[in-house]
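Enquirer: Enclosed is the structure file data-v5.cif (mmCIF, C-alpha atoms).
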```cif
data_run
loop_
_atom_site.label_atom_id
_atom_site.label_comp_id
_atom_site.auth_asym_id
_atom_site.auth_seq_id
_atom_site.Cartn_x
_atom_site.Cartn_y
_atom_site.Cartn_z
CA MET A 1 0.00 0.00 0.00
CA SER A 2 1.09 3.56 -0.49
CA VAL A 3 0.23 6.88 1.09
CA ASP A 4 0.09 10.56 0.50
CA GLU A 5 2.44 12.36 2.88
CA THR A 6 1.27 15.86 2.22
CA ASP A 7 -1.52 16.35 4.73
CA ALA A 8 -0.62 19.16 7.06
CA VAL A 9 -2.20 18.81 10.49
CA GLU A 10 -2.85 21.94 12.48
CA PRO A 11 -5.44 21.16 15.10
CA LEU A 12 -7.80 24.03 15.83
CA SER A 13 -10.17 24.93 18.64
CA ALA A 14 -13.95 24.76 18.15
CA ALA A 15 -13.79 28.47 17.34
CA GLY A 16 -11.20 27.81 14.61
CA LYS A 17 -8.19 29.19 16.52
CA PRO A 18 -4.75 27.51 16.61
CA LEU A 19 -4.06 25.60 19.83
CA THR A 20 -1.29 25.98 22.38
CA LYS A 21 0.86 22.91 23.16
CA ARG A 22 -1.30 22.28 26.20
CA GLY A 23 -4.46 22.70 24.16
CA GLU A 24 -3.16 20.17 21.64
CA ALA A 25 -2.52 17.67 24.43
CA THR A 26 -6.08 18.10 25.74
CA ARG A 27 -7.51 17.68 22.24
CA THR A 28 -5.45 14.50 21.79
CA ARG A 29 -6.75 13.13 25.11
CA LEU A 30 -10.31 13.76 23.97
CA LEU A 31 -9.65 12.01 20.64
CA GLU A 32 -8.09 9.01 22.40
CA ALA A 33 -11.12 8.73 24.68
CA ALA A 34 -13.45 9.14 21.68
CA GLU A 35 -11.63 6.31 19.89
CA HIS A 36 -12.45 3.93 22.74
CA VAL A 37 -16.01 5.12 23.29
CA PHE A 38 -17.03 5.06 19.61
CA ALA A 39 -15.34 1.68 19.06
CA GLU A 40 -17.11 0.17 22.07
CA LEU A 41 -20.55 1.72 21.79
CA GLY A 42 -20.91 2.92 18.22
CA TYR A 43 -22.00 6.41 17.21
CA HIS A 44 -25.61 6.20 18.38
CA GLU A 45 -24.90 4.94 21.88
CA ALA A 46 -21.81 7.09 22.43
CA SER A 47 -22.19 10.42 24.19
CA ILE A 48 -20.05 13.47 24.90
CA VAL A 49 -20.36 12.76 28.63
CA ARG A 50 -18.91 9.28 28.21
CA ILE A 51 -16.02 10.73 26.25
CA THR A 52 -15.21 13.49 28.75
CA GLU A 53 -15.52 11.04 31.67
CA ARG A 54 -13.09 8.66 30.04
CA ALA A 55 -10.69 11.51 29.22
CA GLY A 56 -11.00 12.94 32.74
CA ILE A 57 -11.86 16.33 31.26
CA GLY A 58 -14.75 18.63 32.18
CA LEU A 59 -17.79 18.85 29.93
CA GLY A 60 -17.33 22.61 29.49
CA THR A 61 -13.76 22.11 28.33
CA PHE A 62 -14.96 19.69 25.63
CA TYR A 63 -16.78 22.51 23.88
CA LEU A 64 -13.59 24.55 23.59
CA TYR A 65 -12.39 21.85 21.17
CA PHE A 66 -15.45 20.39 19.50
CA ASP A 67 -18.95 21.70 18.80
CA SER A 68 -20.80 18.40 18.96
CA LYS A 69 -20.61 14.62 19.01
CA GLN A 70 -20.59 14.69 15.21
CA ALA A 71 -17.65 17.14 15.21
CA ILE A 72 -15.44 14.94 17.40
CA PHE A 73 -16.50 11.86 15.42
CA GLU A 74 -15.39 13.53 12.17
CA ALA A 75 -12.13 14.73 13.75
CA LEU A 76 -11.47 11.19 14.97
CA ALA A 77 -12.12 9.72 11.50
CA ILE A 78 -9.67 12.19 9.97
CA ASP A 79 -7.11 11.54 12.71
CA LEU A 80 -7.34 7.74 12.30
CA ASN A 81 -6.99 8.15 8.54
CA ARG A 82 -3.85 10.26 8.96
CA ARG A 83 -2.39 7.79 11.45
CA VAL A 84 -3.08 4.66 9.40
CA ARG A 85 -1.44 6.29 6.38
CA HIS A 86 1.59 7.23 8.46
CA ALA A 87 1.80 3.70 9.89
CA MET A 88 1.96 2.49 6.31
CA SER A 89 4.49 5.04 5.05
CA ASP A 90 6.76 4.52 8.08
CA GLU A 91 7.00 0.82 7.24
CA MET A 92 7.54 1.57 3.55
CA ALA A 93 10.43 3.98 4.05
CA GLY A 94 13.18 1.46 3.24
CA ALA A 95 11.47 -0.43 0.37
CA THR A 96 13.31 -0.44 -2.96
CA THR A 97 10.89 -2.41 -5.18
CA ARG A 98 7.14 -2.15 -5.56
CA ILE A 99 6.56 -5.55 -4.06
CA GLU A 100 8.72 -4.68 -1.03
CA ALA A 101 6.69 -1.51 -0.68
CA GLU A 102 3.45 -3.54 -0.83
CA ARG A 103 4.68 -5.96 1.85
CA ALA A 104 5.65 -3.07 4.09
CA GLY A 105 2.47 -1.10 3.45
CA PHE A 106 0.20 -4.09 4.13
CA ALA A 107 2.21 -4.96 7.25
CA GLY A 108 1.76 -1.38 8.51
CA PHE A 109 -1.94 -1.44 7.74
CA PHE A 110 -2.50 -4.77 9.54
CA ARG A 111 -0.47 -3.66 12.55
CA PHE A 112 -2.47 -0.44 12.84
CA THR A 113 -5.76 -2.31 12.44
CA ALA A 114 -4.77 -4.74 15.19
CA GLU A 115 -3.90 -1.88 17.54
CA HIS A 116 -6.81 0.37 16.57
CA PRO A 117 -9.95 -1.68 15.98
CA ALA A 118 -11.87 1.63 16.10
CA LEU A 119 -10.64 2.34 12.57
CA TYR A 120 -13.15 -0.03 10.96
CA ARG A 121 -16.12 0.91 13.07
CA VAL A 122 -15.54 4.64 12.64
CA VAL A 123 -15.00 4.37 8.89
CA ARG A 124 -18.09 2.20 8.43
CA GLU A 125 -20.34 4.29 10.63
CA SER A 126 -19.08 7.49 8.98
CA GLU A 127 -20.82 6.28 5.81
CA TYR A 128 -24.07 7.33 7.52
CA VAL A 129 -22.94 9.86 10.12
CA SER A 130 -20.74 11.86 7.75
CA PRO A 131 -20.56 10.45 4.20
CA GLY A 132 -18.05 13.06 3.02
CA THR A 133 -15.60 12.00 5.74
CA MET A 134 -15.90 8.36 4.71
CA ARG A 135 -15.14 9.09 1.08
CA LEU A 136 -12.21 11.26 2.12
CA HIS A 137 -10.80 8.35 4.10
CA TYR A 138 -10.73 6.05 1.10
CA GLN A 139 -9.79 8.72 -1.42
CA ARG A 140 -6.76 9.87 0.55
CA ILE A 141 -5.45 6.33 0.68
CA VAL A 142 -6.26 5.67 -2.99
CA GLU A 143 -4.59 8.83 -4.28
CA GLY A 144 -1.17 8.01 -2.89
CA TYR A 145 -1.61 4.40 -3.84
CA GLU A 146 -2.51 5.17 -7.41
CA GLU A 147 0.53 7.40 -7.74
CA GLY A 148 2.82 4.66 -6.40
CA LEU A 149 1.39 2.11 -8.85
CA ARG A 150 1.76 4.48 -11.79
CA ALA A 151 5.42 5.16 -10.91
CA ALA A 152 6.07 1.42 -10.54
CA GLN A 153 4.50 0.79 -13.95
CA ALA A 154 6.85 3.37 -15.46
CA GLU A 155 9.76 1.48 -13.87
CA GLY A 156 8.53 -1.85 -15.28
CA ASP A 157 7.84 -3.09 -11.74
CA VAL A 158 4.06 -3.55 -12.18
CA ASP A 159 1.93 -5.02 -15.01
CA PRO A 160 1.50 -2.08 -17.42
CA GLY A 161 -1.95 -3.34 -18.40
CA LEU A 162 -3.45 -2.61 -14.96
CA ASP A 163 -5.51 0.51 -14.35
CA PRO A 164 -3.82 2.23 -11.37
CA GLU A 165 -7.01 3.67 -9.85
CA VAL A 166 -9.09 0.49 -10.11
CA THR A 167 -6.11 -1.57 -8.91
CA ALA A 168 -5.69 0.71 -5.88
CA TRP A 169 -9.33 0.05 -4.93
CA THR A 170 -8.90 -3.71 -5.33
CA LEU A 171 -5.82 -3.69 -3.05
CA MET A 172 -7.66 -1.63 -0.44
CA GLY A 173 -10.48 -4.16 -0.59
CA ILE A 174 -8.02 -6.98 0.03
CA GLY A 175 -6.59 -5.20 3.08
CA GLU A 176 -10.03 -4.34 4.43
CA LEU A 177 -11.58 -7.82 4.36
CA ILE A 178 -8.42 -9.64 5.46
CA GLY A 179 -8.13 -7.22 8.40
CA MET A 180 -11.78 -7.74 9.27
CA ARG A 181 -11.63 -11.53 9.09
CA TYR A 182 -8.26 -12.26 10.70
CA LEU A 183 -7.81 -9.31 13.07
CA LEU A 184 -11.20 -7.90 14.10
CA TRP A 185 -12.97 -11.24 14.33
CA GLU A 186 -10.14 -12.89 16.22
CA ARG A 187 -9.38 -10.68 19.17
CA PRO A 188 -8.18 -12.68 22.16
CA GLU A 189 -9.54 -11.05 25.35
CA GLY A 190 -7.41 -8.04 26.28
CA GLN A 191 -4.69 -8.77 23.70
CA VAL A 192 -3.68 -7.10 20.49
CA PRO A 193 -4.11 -9.76 17.76
CA ARG A 194 -1.45 -10.46 15.16
CA LEU A 195 -2.01 -11.63 11.60
CA PRO A 196 -0.65 -15.21 11.37
CA ASP A 197 2.46 -15.33 9.16
CA GLY A 198 0.84 -17.90 6.89
CA VAL A 199 -2.12 -15.63 6.23
CA PHE A 200 0.15 -12.66 5.55
CA GLU A 201 2.25 -14.67 3.09
CA SER A 202 -0.88 -15.94 1.34
CA VAL A 203 -2.19 -12.40 0.96
CA MET A 204 1.17 -11.29 -0.40
CA ARG A 205 1.12 -14.09 -2.97
CA VAL A 206 -2.23 -12.81 -4.26
CA VAL A 207 -0.88 -9.24 -4.36
CA ARG A 208 2.38 -10.25 -6.03
CA ASN A 209 0.54 -12.28 -8.66
CA ALA A 210 -1.90 -9.44 -9.27
CA LEU A 211 0.78 -6.79 -9.80
CA ALA A 212 3.83 -8.50 -11.27
CA PRO A 213 4.58 -7.88 -14.94
CA GLY A 214 4.22 -11.15 -16.91
CA GLU A 215 7.88 -12.06 -17.24
CA GLU A 216 8.65 -11.52 -13.55
CA ARG A 217 5.83 -13.51 -12.08
CA ARG A 218 6.95 -15.34 -8.91
CA MET B 1 -16.98 -15.70 -7.36
CA SER B 2 -18.61 -18.90 -6.35
CA VAL B 3 -21.53 -19.92 -4.18
CA ASP B 4 -22.92 -22.66 -2.07
CA GLU B 5 -26.22 -23.87 -3.52
CA THR B 6 -27.32 -25.99 -0.63
CA ASP B 7 -29.25 -23.59 1.59
CA ALA B 8 -32.82 -24.74 1.90
CA VAL B 9 -35.25 -21.89 2.46
CA GLU B 10 -38.46 -22.64 4.26
CA PRO B 11 -39.89 -19.40 5.58
CA LEU B 12 -41.62 -19.74 8.91
CA SER B 13 -44.09 -17.66 10.90
CA ALA B 14 -42.99 -15.83 14.07
CA ALA B 15 -44.31 -18.86 15.99
CA GLY B 16 -42.07 -21.16 13.94
CA LYS B 17 -44.87 -22.67 11.80
CA PRO B 18 -44.58 -23.28 8.02
CA LEU B 19 -46.38 -20.66 5.91
CA THR B 20 -49.15 -21.04 3.35
CA LYS B 21 -48.54 -19.68 -0.18
CA ARG B 22 -50.42 -16.55 0.79
CA GLY B 23 -48.44 -16.24 4.00
CA GLU B 24 -45.20 -16.52 2.03
CA ALA B 25 -46.33 -13.70 -0.27
CA THR B 26 -47.09 -11.47 2.73
CA ARG B 27 -43.73 -12.25 4.31
CA THR B 28 -41.98 -11.41 1.01
CA ARG B 29 -43.83 -8.08 0.83
CA LEU B 30 -42.67 -7.24 4.35
CA LEU B 31 -39.08 -8.12 3.45
CA GLU B 32 -39.23 -5.97 0.29
CA ALA B 33 -40.52 -3.03 2.30
CA ALA B 34 -37.87 -3.65 4.98
CA GLU B 35 -35.16 -3.60 2.30
CA HIS B 36 -36.18 -0.08 1.28
CA VAL B 37 -36.73 1.24 4.79
CA PHE B 38 -33.46 -0.10 6.24
CA ALA B 39 -31.48 1.06 3.16
CA GLU B 40 -32.95 4.55 3.37
CA LEU B 41 -32.99 5.15 7.12
CA GLY B 42 -30.58 2.65 8.64
CA TYR B 43 -31.40 0.35 11.52
CA HIS B 44 -31.71 2.96 14.25
CA GLU B 45 -34.11 5.27 12.42
CA ALA B 46 -36.14 2.49 10.83
CA SER B 47 -39.33 1.33 12.57
CA ILE B 48 -41.81 -1.50 12.22
CA VAL B 49 -44.54 1.08 11.49
CA ARG B 50 -42.57 2.47 8.53
CA ILE B 51 -42.13 -1.03 7.18
CA THR B 52 -45.79 -2.03 7.51
CA GLU B 53 -46.91 1.30 6.01
CA ARG B 54 -44.66 0.80 3.02
CA ALA B 55 -45.83 -2.79 2.60
CA GLY B 56 -49.50 -1.79 3.01
CA ILE B 57 -49.90 -4.41 5.73
CA GLY B 58 -51.42 -3.97 9.18
CA LEU B 59 -49.19 -3.71 12.23
CA GLY B 60 -50.89 -6.71 13.86
CA THR B 61 -50.18 -8.84 10.80
CA PHE B 62 -46.46 -7.96 11.02
CA TYR B 63 -46.19 -9.85 14.31
CA LEU B 64 -47.52 -13.05 12.73
CA TYR B 65 -44.26 -13.10 10.73
CA PHE B 66 -41.61 -11.38 12.84
CA ASP B 67 -41.17 -10.81 16.57
CA SER B 68 -39.30 -7.52 16.40
CA LYS B 69 -37.38 -5.02 14.28
CA GLN B 70 -34.25 -7.05 14.93
CA ALA B 71 -35.98 -10.25 13.73
CA ILE B 72 -37.00 -8.76 10.37
CA PHE B 73 -33.56 -7.16 10.01
CA GLU B 74 -31.89 -10.55 10.48
CA ALA B 75 -34.33 -12.24 8.10
CA LEU B 76 -33.60 -9.55 5.50
CA ALA B 77 -29.83 -10.02 5.89
CA ILE B 78 -30.21 -13.77 5.36
CA ASP B 79 -32.55 -13.22 2.42
CA LEU B 80 -30.18 -10.75 0.71
CA ASN B 81 -27.29 -13.15 1.27
CA ARG B 82 -29.23 -16.00 -0.37
CA ARG B 83 -30.26 -13.79 -3.27
CA VAL B 84 -26.79 -12.38 -3.97
CA ARG B 85 -25.35 -15.89 -3.99
CA HIS B 86 -28.06 -17.02 -6.39
CA ALA B 87 -27.46 -13.99 -8.64
CA MET B 88 -23.83 -15.11 -8.81
CA SER B 89 -24.49 -18.80 -9.39
CA ASP B 90 -27.12 -18.06 -12.07
CA GLU B 91 -24.51 -16.13 -14.06
CA MET B 92 -21.89 -18.82 -13.50
CA ALA B 93 -24.02 -21.70 -14.76
CA GLY B 94 -22.43 -21.86 -18.23
CA ALA B 95 -18.79 -21.18 -17.28
CA THR B 96 -16.27 -23.86 -18.28
CA THR B 97 -13.00 -22.42 -16.89
CA ARG B 98 -12.23 -20.81 -13.53
CA ILE B 99 -11.64 -17.42 -15.08
CA GLU B 100 -14.97 -17.60 -16.95
CA ALA B 101 -16.59 -18.50 -13.65
CA GLU B 102 -14.91 -15.50 -11.95
CA ARG B 103 -16.10 -13.12 -14.69
CA ALA B 104 -19.63 -14.44 -14.39
CA GLY B 105 -19.63 -14.44 -10.59
CA PHE B 106 -18.29 -10.87 -10.33
CA ALA B 107 -20.77 -9.73 -13.00
CA GLY B 108 -23.63 -11.27 -11.00
CA PHE B 109 -22.38 -9.68 -7.78
CA PHE B 110 -22.06 -6.22 -9.33
CA ARG B 111 -25.49 -6.47 -10.99
CA PHE B 112 -27.11 -7.46 -7.68
CA THR B 113 -25.28 -4.68 -5.81
CA ALA B 114 -26.48 -2.12 -8.37
CA GLU B 115 -30.08 -3.29 -8.02
CA HIS B 116 -30.01 -3.80 -4.24
CA PRO B 117 -27.95 -1.08 -2.55
CA ALA B 118 -29.50 -2.28 0.73
CA LEU B 119 -27.09 -5.23 0.66
CA TYR B 120 -24.13 -3.13 1.82
CA ARG B 121 -25.95 -1.15 4.45
CA VAL B 122 -27.62 -4.20 5.94
CA VAL B 123 -24.41 -6.23 5.98
CA ARG B 124 -22.41 -3.39 7.55
CA GLU B 125 -25.01 -2.51 10.15
CA SER B 126 -25.49 -6.17 11.01
CA GLU B 127 -21.94 -6.09 12.38
CA TYR B 128 -23.41 -4.23 15.36
CA VAL B 129 -27.10 -5.19 15.29
CA SER B 130 -26.49 -8.91 14.85
CA PRO B 131 -22.80 -9.89 14.59
CA GLY B 132 -23.55 -13.57 14.01
CA THR B 133 -25.66 -12.72 10.96
CA MET B 134 -22.84 -10.63 9.51
CA ARG B 135 -20.29 -13.40 9.86
CA LEU B 136 -22.74 -15.86 8.35
CA HIS B 137 -23.09 -13.59 5.31
CA TYR B 138 -19.38 -13.63 4.57
CA GLN B 139 -18.81 -17.22 5.60
CA ARG B 140 -21.53 -18.57 3.33
CA ILE B 141 -19.98 -16.78 0.35
CA VAL B 142 -16.43 -17.81 1.31
CA GLU B 143 -17.27 -21.50 1.77
CA GLY B 144 -18.51 -22.01 -1.77
CA TYR B 145 -15.77 -19.80 -3.11
CA GLU B 146 -13.03 -21.72 -1.35
CA GLU B 147 -14.37 -24.99 -2.70
CA GLY B 148 -14.42 -23.64 -6.26
CA LEU B 149 -10.81 -22.43 -5.96
CA ARG B 150 -9.65 -25.75 -4.54
CA ALA B 151 -11.29 -27.65 -7.41
CA ALA B 152 -9.76 -25.26 -9.96
CA GLN B 153 -6.31 -25.77 -8.38
CA ALA B 154 -6.74 -29.54 -8.79
CA GLU B 155 -7.55 -28.95 -12.47
CA GLY B 156 -4.45 -26.78 -12.92
CA ASP B 157 -6.65 -23.74 -13.58
CA VAL B 158 -5.49 -21.68 -10.56
CA ASP B 159 -2.01 -21.04 -9.06
CA PRO B 160 -1.46 -24.05 -6.78
CA GLY B 161 0.53 -21.89 -4.35
CA LEU B 162 -2.49 -19.84 -3.30
CA ASP B 163 -4.31 -20.58 -0.05
CA PRO B 164 -7.97 -21.08 -1.09
CA GLU B 165 -9.50 -19.61 2.07
CA VAL B 166 -7.31 -16.50 2.20
CA THR B 167 -7.71 -16.03 -1.55
CA ALA B 168 -11.51 -16.24 -1.24
CA TRP B 169 -11.41 -13.40 1.32
CA THR B 170 -9.18 -11.27 -0.92
CA LEU B 171 -11.55 -11.72 -3.87
CA MET B 172 -14.54 -10.81 -1.71
CA GLY B 173 -12.68 -7.70 -0.62
CA ILE B 174 -12.10 -6.74 -4.25
CA GLY B 175 -15.80 -7.12 -5.04
CA GLU B 176 -16.86 -5.22 -1.95
CA LEU B 177 -14.76 -2.09 -2.42
CA ILE B 178 -15.21 -1.92 -6.20
CA GLY B 179 -18.98 -2.20 -5.70
CA MET B 180 -18.89 0.51 -3.03
CA ARG B 181 -16.79 2.92 -5.09
CA TYR B 182 -18.27 2.49 -8.55
CA LEU B 183 -21.87 1.47 -7.80
CA LEU B 184 -22.95 2.81 -4.41
CA TRP B 185 -21.14 6.13 -4.70
CA GLU B 186 -22.32 6.74 -8.24
CA ARG B 187 -26.05 6.36 -8.22
CA PRO B 188 -27.68 8.63 -10.77
CA GLU B 189 -30.99 9.88 -9.32
CA GLY B 190 -33.68 7.22 -9.71
CA GLN B 191 -31.56 4.98 -11.95
CA VAL B 192 -29.88 1.67 -11.38
CA PRO B 193 -26.13 2.28 -11.94
CA ARG B 194 -24.00 0.01 -14.10
CA LEU B 195 -20.31 -0.74 -13.63
CA PRO B 196 -18.45 0.86 -16.57
CA ASP B 197 -17.01 -1.83 -18.89
CA GLY B 198 -13.51 -0.40 -18.48
CA VAL B 199 -13.69 -0.74 -14.70
CA PHE B 200 -15.01 -4.29 -14.96
CA GLU B 201 -12.22 -5.30 -17.35
CA SER B 202 -9.61 -3.70 -15.07
CA VAL B 203 -10.94 -5.63 -12.09
CA MET B 204 -10.88 -8.83 -14.11
CA ARG B 205 -7.27 -8.24 -15.08
CA VAL B 206 -6.33 -8.02 -11.39
CA VAL B 207 -8.32 -11.20 -10.66
CA ARG B 208 -6.88 -13.07 -13.66
CA ASN B 209 -3.34 -12.09 -12.70
CA ALA B 210 -3.95 -13.07 -9.08
CA LEU B 211 -5.31 -16.54 -9.88
CA ALA B 212 -3.65 -17.73 -13.08
CA PRO B 213 -1.01 -20.43 -12.77
CA GLY B 214 2.42 -19.05 -13.86
CA GLU B 215 2.60 -20.57 -17.32
CA GLU B 216 -0.87 -19.41 -18.36
CA ARG B 217 -0.62 -15.81 -17.33
CA ARG B 218 -2.29 -13.56 -19.95
#
```
Let me see the file written as structure tokens.

Expert:
Amino acid sequence: MSVDETDAVEPLSAAGKPLTKRGEATRTRLLEAAEHVFAELGYHEASIVRITERAGIGLGTFYLYFDSKQAIFEALAIDLNRRVRHAMSDEMAGATTRIEAERAGFAGFFRFTAEHPALYRVVRESEYVSPGTMRLHYQRIVEGYEEGLRAAQAEGDVDPGLDPEVTAWTLMGIGELIGMRYLLWERPEGQVPRLPDGVFESVMRVVRNALAPGEERR
Amino acid sequence: MSVDETDAVEPLSAAGKPLTKRGEATRTRLLEAAEHVFAELGYHEASIVRITERAGIGLGTFYLYFDSKQAIFEALAIDLNRRVRHAMSDEMAGATTRIEAERAGFAGFFRFTAEHPALYRVVRESEYVSPGTMRLHYQRIVEGYEEGLRAAQAEGDVDPGLDPEVTAWTLMGIGELIGMRYLLWERPEGQVPRLPDGVFESVMRVVRNALAPGEERR
């Protein structure tokens, strides 16, 4: 997988003002609490009170940072999107071929999914709570991905007959359902799950087959 | 894609009794209304009254067929699952090679998704409303799929190095995100969308690459 590194993050107050260092730390604590509350209860059952209680922050203070439950939900979706893309790009930093980059990107994505099960629930619920945010999530991942595939095609590293945009969506689909099946559905009580090596290698064989130019297959 | 044909469907009343022909027709009308109401409003906003109003059926009659909103939601999820699998297997009936079967199965899946956008919403919401139903949806598709891949490997039609179960999940992921992006997000007002031929062919190239044994690639 591949990511776009260009998103600048300047967290703002509810009134649209830049935050102090201390303000940023408070906002981060609220987002961390929101991640747990939304993942556990879902959007409808979650409440601002639950979030502030978990964060140990007063209800009045909440409104300095976010206008509403929907506002913190959207901020969380954007924050998780930024973090999953960074988890992927961090892993990919040393890759020299496209297939190495794919291995690293998928590994980063699966690790993040294991550690942050909220990602799936928030993305899926955002389809109804905030459709624009949901599309942004996928589009931001696809854009960087598409670019990476196009560059690899130019280098002869990827089948030149593939459409980069459609292929990016297929690879995201692979990551999404494998993560759901082998990480979200298999969470040992109180532990962070890990994708079994055999499953990871099987996924990578599918990806390698799908992308490799004819003469380089396997 | 591939499906399991073995699910017997014998609709029952809320009391667990077999239905008359007329009873079956009433139950079907309720499910059709539920498909629209759940797709439009989502589980939380939907109500039994909305469903019976849309079906033109009295509220008292509803309870002869379903105990609760959750019961009709689960019945709808199971019904959509059965119908999407049949849409796929109907298309696949004449296929003689694995790749022909994949083309036909994906075509059936995309056609059904275009005509029944409720499928996605119901499956995704069932993760929280009725987790067992959601897993059943995916598992029923995967089981038949896995079997088809295993048989095709034995015939030399599919890369013998692929793990059939993991591969089935990757192919489902491809179908799911392509359907979301190109069918659910692009619904012209009041029309049933159609996957552009170019997108379909691009998806099939990914699938063909992923599955083909080395010597037969392209």

Enquirer: Excluding Ala87 (chain A) and its own-chain neighbours fewer than 5 positions away, which residues fall within 8 Å of it when counting only C-alpha atoms? Please give them as a list in words.

Expert: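 That gives Gly108, Phe109 and Phe112 of chain A.
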
Enquirer: Keeping only C-alpha atoms, write the selected residues to a file as a PDB file, keeping the file's coordinate frame.

Expert:
```pdb
ATOM      1  CA  GLY A 108       1.760  -1.380   8.510  1.00  0.00           C
ATOM      2  CA  PHE A 109      -1.940  -1.440   7.740  1.00  0.00           C
ATOM      3  CA  PHE A 112      -2.470  -0.440  12.840  1.00  0.00           C
TER       4      PHE A 112
END
```

Enquirer: Region 156-160 of chain A: which residues within 10 Å, counting only C-alpha atoms, same-chain residues fewer than 3 positions away excluded, as a PyMOL selection string?

Expert: (chain A and resi 97-99+149-153+163-164+208-217) or (chain B and resi 205-206+209)

Enquirer: Would you please work out which residue, of A:Lys69, A:Arg83, A:His137, A:His44, is nearest to chain B when using all atoms listed in the file?

Expert: A:His44

Enquirer: Just say which residues the PyMOL selection byres ((chain A) within 9 of (chain B)) picks in this file, as number ranges by chain.

Expert: A: 42, 44, 124-125, 128, 135, 161-163, 166-167, 169-178, 181, 185, 199, 202-203, 205-212, 214, 217-218

Enquirer: Figure out the distance between CA of Val37 (chain A) and CA of Pro188 (chain A), please, to one decimal in Å.

Expert: 19.5 Å

Enquirer: For the atom pair CA of Glu155 (chain B) and CA of His86 (chain B), what is the interatomic distance in Å to one decimal place?

Expert: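 Rounded to one decimal, the two atoms are 24.5 Å apart.
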
Enquirer: Report, in Å to a single decimal, how far apart CA of Phe38 (chain A) and CA of Thr52 (chain A) are.

Expert: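 Spanning CA of Thr52 (chain A) to CA of Phe38 (chain A) is a straight-line distance of 12.6 Å.
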
Enquirer: Which centre and which edge lengths, in Å to one decimal, describe the axis-aligned box that holds all listed atoms of region 151-166 of chain B after 6 Å is added on each side, as AutoDock Vina command-line options?

Expert:
```
--center_x -5.4 --center_y -23.0 --center_z -5.7 --size_x 23.8 --size_y 25.0 --size_z 27.8
```

Enquirer: When the PyMOL selection byres ((chain A and resi 77) around 8) is applied to the structure above, which residues does it catch, written out as a list in words?

Expert: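 On the file shown, the PyMOL selection byres ((chain A and resi 77) around 8) covers Phe73, Glu74, Ala75, Leu76, Ile78, Asp79, Leu80, Asn81, Leu119, Val122, Val123, Ser126, Thr133, Met134 and His137 of chain A.
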